[in-house]
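> Attaching a single structure in structure tokens format; questions to follow.
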Amino acid sequence: MAYGYTGNILRVDLTTRELSVDRPSETFYRTYMGGSALNLYYLLKEMDGDVDPLSPDNILAFSVGTLTGARVSGQSRLTITAKSPLTGAIGDSQGGGFFPAKLKFSGFDAVIVKGRAESPLYLFIDEGQAELREAGHLWGKTTEAVEVAIKNELDDQENLEVLQIGPAGEKGVKYANVLSMCCRANGRTGMGAVMGSKNFKAIVVRGFEEPEIADRTLLKEVIRTGAELFKKPANSGFGKYGTAGVLGVNNGGGGLPTNNWQSGIFDDYEAIDGPTVYKEVLKGAAEGRQESQGRDSCFSCIVRCKRVAEIKEGPFLVDPVFGGPEYETLSTLGSYCGVGNLAAICKASELCNKYGLDTISCGATISWAMEAFEAGQLTTEHTGGLEIRFGDADMVVKLVEMIATRKGFGDLLAEGSARAAEKLGFGQEFLITSKKQEAPAHMPQVKRGLALLYAMNPFGADHMGCDHDPSYSKENYPAFEERLSYLGLTNPLHAYSLQPAKVEWVRRTQYLFSFMDSANLCQLCWGASWTLYGPQDMVKLVKAVTGWDMSIDEILQVGERRLVMMRLFNQREGFGAKDDSLPEKFFNQPLQGGVSDQVTVDKAEFDAAMVEYYRQSGWDETSGHPTLETVARLGLEAL
């Protein structure tokens with residue numbers, strides 16, 4: 001085993017049931033690092049353009065990174081990549097937990113899957129040995145039932161990690177996800193539907209061989225840095241309240257999407273915010289034991305931000321095995337839909353994890369239907385008699401299950417809001433989608449850098465692609481100056497700005513975050529500003545784990561390379577500048593109420609920022625495609 005990586009990439013042909021192993025060079029690993037970039041290498045090299053995302057020809061790639069498995073917070077991440085059935089563009093999704101580290105310990109850095117099995121199968125990797133096993137008896141079962149069945153079948157309750165799809169993936173819901181531990185989701189872009197189309201139910205791993213570390217003394221130094229920062233109230237508070245802690249903050253800034261983004265404030269926000277989740281629904285809350293029971297962790301992480309909800313009484317009983325709602329889920333299944341019933345949101349979240357649904361696209365698609373219904377365009381004739389209105393908690397829970405099982409009106413909503421609007425022939429003005437993917441719960445109207453990011457992101461609207469505007473404001477910049485100046489960012493601007501300096505901030509932090517999606521680092525522990533670790537620490541961690549003396553410029557180039565590879569994938573699928581857009585709603589419908597009242601994204605400023613982004617990136621300003629010079633500079637001519 002080399003430092004940081006196993007050197008083994010498992011190839012699986014489901015059609016022929018053949019398994020083989022690639023053993024790339026050290027240069028390959030240093031160039032791509034793992035994660036998205038590694039996956040994209042295989043997709044670009046070995047998959048033709050214009051394939052049906054749900055056909056056997058779509059390649060499905062699973063990859064950890066060169067840093068995965070080192071015992072430092074925020075490294076146990078897995079990226080899944082394929083052509084997306086939701087967007088038709090590149091699909092890419094990250095998830096955490098224990099599966100990523102255990103995949104590395106089982107002897108492999110990645111799994112590349114081709115073809116389609118005649119009948120359902122799962123892959124079992126056991127201490128370096130891999131086999132395909134029959135999964136017909138698991139097909140149709142929910143995630144908890146599959147976990148139990150596999151662990152009983154393999155007679156090991158302690159050492160197995162299971163990554164799987166639920167019934168939603170089997171039924172081809174366009175935003176079906178992939179889960180481990182029944183609650184750690186590779187959520188976005190419909191990777192679960194791709195697995196389902198291949199009759200591929202799960203990957204099960206067992207392994208104990210941790211990667212060799214090049215410099216353990218330096219690794220301990222990095223670990224201590226994060227441990228000291230975690231003592232600060234802002235970071236320990238994040239552990240206590242998880243991502244749900246930002247719900248009230250966003251509401252106060254007029255940036256909590258409400259009633260399908262008609263407003264940035266939600267009157268009932270306190271009923272679903274982080275402190276309320278902590279006090280009322282975390283496992284052990286009734287006994288005052290949330291600290292010990294209501295928070296879960298990923299492998300070797302001190303933050304323990306994962307929520308674990310349990311509700312034992314009332315109309316919405318919630319099983320803690322399915323985790324609990326994070327900020328995006330509380331927003332999309334809550335404020336997006338005008339719902340302030342925390343128990344109902346927890347139940348809807350449980351159903352998403354039970355059946356395998358991305359909570360963001362699911363909640364946003366329901367909220368789109370609510371606005372269309374209240375506007376009189378969608379009627380009970382379309383919905384099978386259902387009145388789908390904002391604030392109806394019971395309806396949200398009902399629709400989640402209908403979507404997951406594709407029953408009744410849920411069959412249409414399972415296509416996603418953009419495709420549903422296309423099929424119905426109305427409702428486009430209510431969409432909050434970019435490249436047909438529903439927007440997460442951070443609003444470009446009040447975080448203008450995200451307006452650029454949502455439009456430019458290769459796999460559709462996504463909030464995890466760059467830092468967020470408040471860190472680069474003149475008020476907050478002094479707290480983050482050391483990290484941001486290390487990235488060459490020294491000109492903080494107002495959050496509503498989209499001037500060239502803001503474009504540069506988006507682009508450079510996007511490269512950093514793109515590196516993290518290849519090295520597979522958690523963006524709640526690693527980042528450009530407020531997290532436990534900053535860009536300087538990434539340089540140290542790479543050297544400590546792998547022995548590579550990578551500069552920050554080389555790290556940023558890994559991130560840029562990944563983005564250009566995604567862009568090249570999309571280019572051959574027919575995507576270009578015409579698709580780098582925001583929904584008209586963000587420009588034409590002013591927000592209502594609170595500090596963001598009457599705010600929109602300025603269209604002229606946005607258009608100018610797009611051209612500036614292309615120029616700074618070395619992309620053609622008309623087509624939006626990377627120039628030949630940029631492709632050559634990144635060593636991608638042969639892909």
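Residue numbers start at 1 in each chain; chains themselves are named A, B, ... in the order of the structure tokens; ligands are numbered from 1 in the order shown.
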What's the 8 Å shell around A:Phe208, counting only C-alpha atoms, without same-chain residues fewer than 4 positions away, as a PyMOL selection string?
chain A and resi 102+105-106+127
> Could you write out that same residue set with all heavy atoms as a PDB file, in the first residue's frame?

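Contents of part-v2.pdb, as written:
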ATOM      1  N   LYS A 102     -14.151   2.653   5.407  1.00  0.00           N
ATOM      2  CA  LYS A 102     -14.138   1.192   5.379  1.00  0.00           C
ATOM      3  C   LYS A 102     -13.912   0.651   3.967  1.00  0.00           C
ATOM      4  O   LYS A 102     -13.334  -0.437   3.805  1.00  0.00           O
ATOM      5  CB  LYS A 102     -15.451   0.648   5.951  1.00  0.00           C
ATOM      6  CG  LYS A 102     -15.648   0.968   7.429  1.00  0.00           C
ATOM      7  CD  LYS A 102     -14.650   0.229   8.304  1.00  0.00           C
ATOM      8  CE  LYS A 102     -14.963   0.451   9.780  1.00  0.00           C
ATOM      9  NZ  LYS A 102     -14.148  -0.391  10.660  1.00  0.00           N
ATOM     10  N   PHE A 105     -10.268   0.730   3.716  1.00  0.00           N
ATOM     11  CA  PHE A 105      -9.676  -0.323   4.552  1.00  0.00           C
ATOM     12  C   PHE A 105      -9.879  -1.714   3.946  1.00  0.00           C
ATOM     13  O   PHE A 105      -9.142  -2.650   4.254  1.00  0.00           O
ATOM     14  CB  PHE A 105     -10.271  -0.301   5.957  1.00  0.00           C
ATOM     15  CG  PHE A 105     -10.039   0.990   6.716  1.00  0.00           C
ATOM     16  CD1 PHE A 105     -10.730   1.247   7.892  1.00  0.00           C
ATOM     17  CD2 PHE A 105      -9.149   1.952   6.265  1.00  0.00           C
ATOM     18  CE1 PHE A 105     -10.533   2.423   8.602  1.00  0.00           C
ATOM     19  CE2 PHE A 105      -8.953   3.138   6.957  1.00  0.00           C
ATOM     20  CZ  PHE A 105      -9.654   3.373   8.129  1.00  0.00           C
ATOM     21  N   SER A 106     -10.904  -1.835   3.086  1.00  0.00           N
ATOM     22  CA  SER A 106     -11.154  -3.129   2.440  1.00  0.00           C
ATOM     23  C   SER A 106     -10.235  -3.363   1.244  1.00  0.00           C
ATOM     24  O   SER A 106     -10.256  -4.440   0.655  1.00  0.00           O
ATOM     25  CB  SER A 106     -12.619  -3.229   1.988  1.00  0.00           C
ATOM     26  OG  SER A 106     -12.855  -2.442   0.832  1.00  0.00           O
ATOM     27  N   GLU A 127     -12.027  -7.595   2.752  1.00  0.00           N
ATOM     28  CA  GLU A 127     -10.583  -7.597   2.970  1.00  0.00           C
ATOM     29  C   GLU A 127      -9.803  -7.881   1.684  1.00  0.00           C
ATOM     30  O   GLU A 127      -8.961  -8.779   1.616  1.00  0.00           O
ATOM     31  CB  GLU A 127     -10.209  -8.611   4.057  1.00  0.00           C
ATOM     32  CG  GLU A 127     -10.812  -8.266   5.413  1.00  0.00           C
ATOM     33  CD  GLU A 127     -10.269  -9.139   6.520  1.00  0.00           C
ATOM     34  OE1 GLU A 127      -9.117  -8.924   6.944  1.00  0.00           O
ATOM     35  OE2 GLU A 127     -10.994 -10.069   6.944  1.00  0.00           O
TER      36      GLU A 127
END
> Can you pull out every residue from stretch 235-411 of chain A that DSSP, working from the backbone, puts in strand (DSSP E or B), and format the result as a list of chain:residue names?
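Result set for stretch 235-411 of chain A (strand (DSSP E or B)): A:Thr258, A:Ser263, A:Leu282, A:Arg295, A:Asp296, A:Lys306, A:Arg307, A:Ala309, A:Ile311, A:Val318, A:Leu357.
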> Would you mind reading off the distance between atom CA of A:Glu621 and atom CA of A:Met565, one decimal, in Å?
17.8 Å
> Let me make sure I understand: among A:Ser197, A:Asn58, A:Ser485, A:Thr433, which one has the smallest atom-to-atom distance to A:Ala420 if we use only C-alpha atoms?
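For A:Ala420, the nearest of the candidates is A:Thr433.
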> Report the residues of stretch 149-379 of chain A whose backbone DSSP state falls under alpha helix (DSSP H), written as a PyMOL selection string.
chain A and resi 149-153+167-170+191-197+216-230+233-241+246-252+274-280+290-293+327-332+342-355+359-374
> Which residues, written as a list in words, have at least one atom at most 8 Å from A:Ala343, with only C-alpha atoms counted and residues fewer than 5 positions away on the same chain left out?
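Here the answer would be Val281, Ile311, Phe316 and Leu317 of chain A.
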> Filtering to all heavy atoms, could you give me those residues as a PDB file, in the first residue's frame?

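Result file is part.pdb:
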ATOM      1  N   VAL A 281     -36.530  16.931  19.722  1.00  0.00           N
ATOM      2  CA  VAL A 281     -36.663  15.697  18.953  1.00  0.00           C
ATOM      3  C   VAL A 281     -35.394  14.855  18.853  1.00  0.00           C
ATOM      4  O   VAL A 281     -35.447  13.734  18.338  1.00  0.00           O
ATOM      5  CB  VAL A 281     -37.182  15.965  17.517  1.00  0.00           C
ATOM      6  CG1 VAL A 281     -38.558  16.606  17.559  1.00  0.00           C
ATOM      7  CG2 VAL A 281     -36.204  16.805  16.712  1.00  0.00           C
ATOM      8  N   ILE A 311     -39.043  10.213  17.871  1.00  0.00           N
ATOM      9  CA  ILE A 311     -40.338  10.668  18.382  1.00  0.00           C
ATOM     10  C   ILE A 311     -41.160   9.436  18.709  1.00  0.00           C
ATOM     11  O   ILE A 311     -41.433   8.604  17.837  1.00  0.00           O
ATOM     12  CB  ILE A 311     -41.062  11.566  17.361  1.00  0.00           C
ATOM     13  CG1 ILE A 311     -40.207  12.803  17.041  1.00  0.00           C
ATOM     14  CG2 ILE A 311     -42.425  11.992  17.898  1.00  0.00           C
ATOM     15  CD1 ILE A 311     -40.819  13.722  15.996  1.00  0.00           C
ATOM     16  N   PHE A 316     -46.832  11.420  14.399  1.00  0.00           N
ATOM     17  CA  PHE A 316     -45.653  11.188  13.567  1.00  0.00           C
ATOM     18  C   PHE A 316     -44.551  10.533  14.403  1.00  0.00           C
ATOM     19  O   PHE A 316     -43.737  11.209  15.033  1.00  0.00           O
ATOM     20  CB  PHE A 316     -45.146  12.497  12.968  1.00  0.00           C
ATOM     21  CG  PHE A 316     -46.155  13.208  12.112  1.00  0.00           C
ATOM     22  CD1 PHE A 316     -46.718  14.404  12.532  1.00  0.00           C
ATOM     23  CD2 PHE A 316     -46.547  12.671  10.896  1.00  0.00           C
ATOM     24  CE1 PHE A 316     -47.649  15.064  11.742  1.00  0.00           C
ATOM     25  CE2 PHE A 316     -47.489  13.320  10.102  1.00  0.00           C
ATOM     26  CZ  PHE A 316     -48.042  14.511  10.523  1.00  0.00           C
ATOM     27  N   LEU A 317     -44.550   9.205  14.408  1.00  0.00           N
ATOM     28  CA  LEU A 317     -43.513   8.470  15.130  1.00  0.00           C
ATOM     29  C   LEU A 317     -42.268   8.389  14.254  1.00  0.00           C
ATOM     30  O   LEU A 317     -42.354   8.124  13.050  1.00  0.00           O
ATOM     31  CB  LEU A 317     -44.013   7.075  15.476  1.00  0.00           C
ATOM     32  CG  LEU A 317     -45.325   6.999  16.268  1.00  0.00           C
ATOM     33  CD1 LEU A 317     -45.684   5.547  16.555  1.00  0.00           C
ATOM     34  CD2 LEU A 317     -45.237   7.811  17.563  1.00  0.00           C
TER      35      LEU A 317
END
> Might you pull out every residue within 12 Å of A:Ala369, with only C-alpha atoms counted and same-chain residues fewer than 3 positions away left off, and present them as JSON, numbers by chain?
{"A": [259, 260, 336, 337, 362, 363, 364, 365, 366, 372, 373, 374, 375, 376, 377, 378, 379, 380, 382, 383, 386, 387, 388, 389, 390, 395, 396, 399, 409, 410, 412, 413, 414, 416, 417, 418, 420, 421, 424, 426, 427, 428, 429, 430, 431, 432]}
> Between A:Cys305, A:Ile272, A:Leu357, A:Leu40, which residue has the minimum interatomic distance to A:Val339, considering only C-alpha atoms?
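Of A:Cys305, A:Ile272, A:Leu357, A:Leu40, the one nearest A:Val339, counting only C-alpha atoms, is A:Ile272.
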> Hey, could you make a per-residue contact list for stretch 458-489 of chain A against stretch 573-581 of chain A with 12 Å as the cut-off, showing the nearest pair of atoms and its distance in Å to one decimal, counting only C-alpha atoms, sorted by chain and number, as JSON lines?

{"residue": "A:Pro458", "atom": "CA", "partner": "A:Asp580", "partner_atom": "CA", "distance": 8.5}
{"residue": "A:Phe459", "atom": "CA", "partner": "A:Asp580", "partner_atom": "CA", "distance": 10.5}
{"residue": "A:Gly460", "atom": "CA", "partner": "A:Asp580", "partner_atom": "CA", "distance": 8.9}
{"residue": "A:Ala461", "atom": "CA", "partner": "A:Ser581", "partner_atom": "CA", "distance": 9.8}
> Just write the chosen residues, N, CA and C atoms, as a PDB file, in the first residue's frame.

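Saved to again09.pdb:
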ATOM      1  N   PRO A 458     -21.648  22.614 -12.694  1.00  0.00           N
ATOM      2  CA  PRO A 458     -21.911  21.687 -13.804  1.00  0.00           C
ATOM      3  C   PRO A 458     -23.076  20.740 -13.577  1.00  0.00           C
ATOM      4  N   PHE A 459     -23.398  20.424 -12.309  1.00  0.00           N
ATOM      5  CA  PHE A 459     -24.499  19.478 -12.093  1.00  0.00           C
ATOM      6  C   PHE A 459     -25.731  20.139 -11.491  1.00  0.00           C
ATOM      7  N   GLY A 460     -25.879  21.458 -11.717  1.00  0.00           N
ATOM      8  CA  GLY A 460     -27.076  22.146 -11.277  1.00  0.00           C
ATOM      9  C   GLY A 460     -26.880  22.839  -9.950  1.00  0.00           C
ATOM     10  N   ALA A 461     -27.931  23.529  -9.509  1.00  0.00           N
ATOM     11  CA  ALA A 461     -27.857  24.336  -8.299  1.00  0.00           C
ATOM     12  C   ALA A 461     -27.341  23.523  -7.121  1.00  0.00           C
TER      13      ALA A 461
END
> A:Met610: which residues within 9 Å, counting only C-alpha atoms, same-chain residues fewer than 4 positions away excluded, as a list in words?
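The contact residues come out as Leu452, Ala455, Met456, Val503, Ala577, Asp580, Glu605, Phe606, Tyr614, Arg615 and Glu621 of chain A.
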> With a distance cut-off of 8 Å and only C-alpha atoms, select the neighbouring residues of A:Tyr42, excluding the residue or stretch itself and same-chain residues fewer than 4 positions from it, and output the selection as a PyMOL selection string.
chain A and resi 38+46-47+61+112
> Based on the selection just made, write N, CA and C atoms of those residues as a PDB file, in the first residue's frame.

ATOM      1  N   LEU A  38     -11.244  11.609 -10.200  1.00  0.00           N
ATOM      2  CA  LEU A  38     -10.932  10.227 -10.561  1.00  0.00           C
ATOM      3  C   LEU A  38     -12.109   9.598 -11.306  1.00  0.00           C
ATOM      4  N   GLU A  46     -14.056   6.403 -21.151  1.00  0.00           N
ATOM      5  CA  GLU A  46     -14.651   5.113 -21.504  1.00  0.00           C
ATOM      6  C   GLU A  46     -16.138   5.150 -21.809  1.00  0.00           C
ATOM      7  N   MET A  47     -16.757   6.321 -21.733  1.00  0.00           N
ATOM      8  CA  MET A  47     -18.194   6.389 -21.993  1.00  0.00           C
ATOM      9  C   MET A  47     -18.473   7.337 -23.151  1.00  0.00           C
ATOM     10  N   ALA A  61     -19.530   5.500 -11.047  1.00  0.00           N
ATOM     11  CA  ALA A  61     -18.231   5.435 -10.384  1.00  0.00           C
ATOM     12  C   ALA A  61     -18.344   5.870  -8.925  1.00  0.00           C
ATOM     13  N   ILE A 112     -15.608   1.086 -10.205  1.00  0.00           N
ATOM     14  CA  ILE A 112     -16.135   1.568 -11.483  1.00  0.00           C
ATOM     15  C   ILE A 112     -17.097   0.510 -12.018  1.00  0.00           C
TER      16      ILE A 112
END
> Restricting the calculation to only C-alpha atoms, which member of A:Gly242, A:Gly314, A:Gly65, A:Gly255 is positioned closest to A:Pro470?
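Looking only at the distances to A:Pro470, the closest residue turns out to be A:Gly255.
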> Residues near A:Pro257, anyone? I mean within 9 Å using only C-alpha atoms, not counting same-chain ones fewer than 4 positions away, as JSON, numbers by chain.
{"A": [250, 251, 261, 262, 263, 264, 265, 266, 331, 332, 335, 336, 440, 441, 442, 443]}
> So that I have them on file, write out the residues from the current selection with C-alpha atoms, as a compact mmCIF listing (two decimals), in the first residue's frame.

# COMPACT_ATOMS: atom_id res chain seq x y z
CA ASN A 250 -30.52 32.65 7.50
CA ASN A 251 -34.01 33.71 8.53
CA TRP A 261 -39.01 31.04 -2.44
CA GLN A 262 -41.71 33.70 -2.41
CA SER A 263 -40.15 35.02 0.79
CA GLY A 264 -36.85 34.86 2.66
CA ILE A 265 -38.42 34.80 6.11
CA PHE A 266 -40.56 32.16 7.82
CA SER A 331 -35.95 24.03 5.04
CA THR A 332 -37.04 22.07 1.98
CA SER A 335 -40.18 26.46 5.24
CA TYR A 336 -40.25 25.79 1.46
CA PRO A 440 -30.89 24.17 -1.97
CA ALA A 441 -31.82 26.43 0.91
CA HIS A 442 -29.30 29.26 0.46
CA MET A 443 -30.70 32.19 -1.49
> Let me make sure I understand: among A:Phe515, A:Phe480, A:Phe322, A:Tyr3, which one has the smallest atom-to-atom distance to A:Ala348 if we use only C-alpha atoms?
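Once distances to A:Ala348 are computed over only C-alpha atoms, the minimum belongs to A:Phe322.
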> Go through A:Lys171, A:Lys240, A:Lys45, A:Arg508 and flag the residue nearest A:Ile302, using only C-alpha atoms for the distances.
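Ranked by minimum distance to A:Ile302, first place goes to A:Lys240.
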> Which residues of stretch 25-81 of chain A sit at most 8 Å from stretch 210-223 of chain A, using only C-alpha atoms? Give each one's shortest atom pair and distance in Å (one decimal place), in chain and ascending residue order, as CSV.

residue,atom,partner,partner_atom,distance
A:Gly69,CA,A:Glu210,CA,6.5
A:Ala70,CA,A:Pro211,CA,7.1
A:Val72,CA,A:Ile223,CA,5.8
A:Ser73,CA,A:Ile223,CA,7.6
